[in-house]
Each structure stands twice: as structure tokens, then as C-alpha cells.
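Notes follow the structure.
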Amino acid sequence: MIELTQTELQNLLTESARIGAQRAIEDFAVYHLKDAAVKLNMSLPTLDKRIKEGKIKTVDGRITGYEIRRYLKI
């Protein structure tokens with residue numbers, strides 16, 4: 001059994017909430033294909049190929065942070 005003090009639990013919950021909020025905000029961000037390619041560490045032609053294969057989905061010609069995270073399985 002793991003025991004935490006009230007302060008340790010509060011700090012743990014606060015940090016978890018901060019990480020969750022940061023991830024939610026990043027999911028809503030949209031990136032131009034060039035910027036998304038940099039985040040995905042791939043060339044623009046490779047990114048275009050992944051999009052045509054249906055492995056990466058675009059929204060109005062841009063890629064969401066969620067889609068980048070999903071592709072990288074973070």
C-alpha cells in the first residue's frame with residue numbers, strides 16, 4: 001500500500017491537471033503541413049505520402065496537434 005501525505009497528494013493532482021490541460025490545448029492547435037512535418041520529424045514529401053495513404057488526416061489542409069500525437073502514439 002502506498003501512503004501519501006495530503007500535500008503530496010495535492011501536488012500530484014495539481015501536476016496531473018496541468019499536464020492534462022496542456023495536452024488538451026496542444027490537441028486543439030493546428031499546424032501548416034511544413035510545421036507538422038518538422039514536429040513529426042519527416043520531410044514534406046513523406047508527410048504528403050502519409051496523408052494520401054490515409055495514415056494522417058488533415059482538416060482544411062492543416063494537421064491538428066491531436067492528429068500528430070495520434071500518429072506518434074504519444
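Every chain in the C-alpha cells takes a letter, A first, then B, and so on in the order presented; its residues are numbered from 1, and the ligands are numbered from 1 following the presented order.
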
Problem set entry | Non-local contacts of Lys34 of chain A (12 Å; only C-alpha atoms; under 6 positions in same chain excluded) as a PyMOL selection string | chain A and resi 40-48+61-63

Exercise. Using only C-alpha atoms, which residues sit within 10 Å of Lys57 of chain A once same-chain residues fewer than 6 positions away are excluded, as a list in words?
Worked result: Arg50, Ile51, Ile63, Thr64, Glu67, Ile68 and Tyr71 of chain A

Exercise. What residues in chain A get the DSSP label strand (DSSP E or B)? Please answer as JSON, numbers by chain.
Worked result: {"A": [30, 31, 59, 62, 63, 64]}

Problem set entry | Separation of atom CA of Met1 of chain A from atom CA of Ser16 of chain A, in Å and rounded to one decimal |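 According to the coordinates, atom CA of Met1 of chain A and atom CA of Ser16 of chain A are separated by 20.8 Å.
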
Exercise. Using the chain letters and numbers from this document, which residues of chain A does DSSP assign to alpha helix (DSSP H), as a PyMOL selection string?
Worked result: chain A and resi 6-28+33-40+44-52+65-72

Would you put the residues from that selection into a file with C-alpha atoms, as a compact mmCIF listing (two decimals), in the first residue's frame?
```
# COMPACT_ATOMS: atom_id res chain seq x y z
CA GLN A 6 -2.20 15.49 1.95
CA THR A 7 0.41 17.85 0.48
CA GLU A 8 1.95 15.14 -1.71
CA LEU A 9 -1.48 14.14 -2.99
CA GLN A 10 -2.38 17.77 -3.72
CA ASN A 11 0.90 18.28 -5.61
CA LEU A 12 0.36 15.09 -7.60
CA LEU A 13 -3.19 16.09 -8.55
CA THR A 14 -2.12 19.63 -9.45
CA GLU A 15 0.65 18.38 -11.73
CA SER A 16 -1.70 15.86 -13.36
CA ALA A 17 -4.25 18.60 -14.04
CA ARG A 18 -1.55 20.85 -15.51
CA ILE A 19 -0.30 18.10 -17.83
CA GLY A 20 -3.86 17.23 -18.88
CA ALA A 21 -4.72 20.85 -19.63
CA GLN A 22 -1.50 21.33 -21.59
CA ARG A 23 -2.22 18.21 -23.66
CA ALA A 24 -5.80 19.34 -24.35
CA ILE A 25 -4.59 22.75 -25.56
CA GLU A 26 -1.93 21.14 -27.76
CA ASP A 27 -4.58 18.84 -29.27
CA PHE A 28 -6.59 21.85 -30.45
CA LEU A 33 1.95 21.00 -43.30
CA LYS A 34 5.51 22.33 -43.21
CA ASP A 35 5.36 22.86 -39.43
CA ALA A 36 3.69 19.48 -38.91
CA ALA A 37 6.45 17.79 -40.91
CA VAL A 38 9.03 19.32 -38.57
CA LYS A 39 7.08 18.15 -35.48
CA LEU A 40 6.80 14.66 -36.99
CA LEU A 44 7.22 17.29 -46.59
CA PRO A 45 7.05 14.69 -49.42
CA THR A 46 6.88 11.90 -46.81
CA LEU A 47 4.13 13.76 -44.96
CA ASP A 48 2.19 14.16 -48.23
CA LYS A 49 2.59 10.42 -48.83
CA ARG A 50 1.26 9.59 -45.32
CA ILE A 51 -1.72 11.89 -45.91
CA LYS A 52 -2.52 10.24 -49.27
CA GLY A 65 -1.98 18.55 -32.59
CA TYR A 66 -4.20 15.60 -31.72
CA GLU A 67 -3.51 14.01 -35.12
CA ILE A 68 0.24 14.44 -34.62
CA ARG A 69 0.02 12.86 -31.16
CA ARG A 70 -2.17 10.05 -32.52
CA TYR A 71 0.28 9.31 -35.33
CA LEU A 72 3.22 9.28 -32.92
```
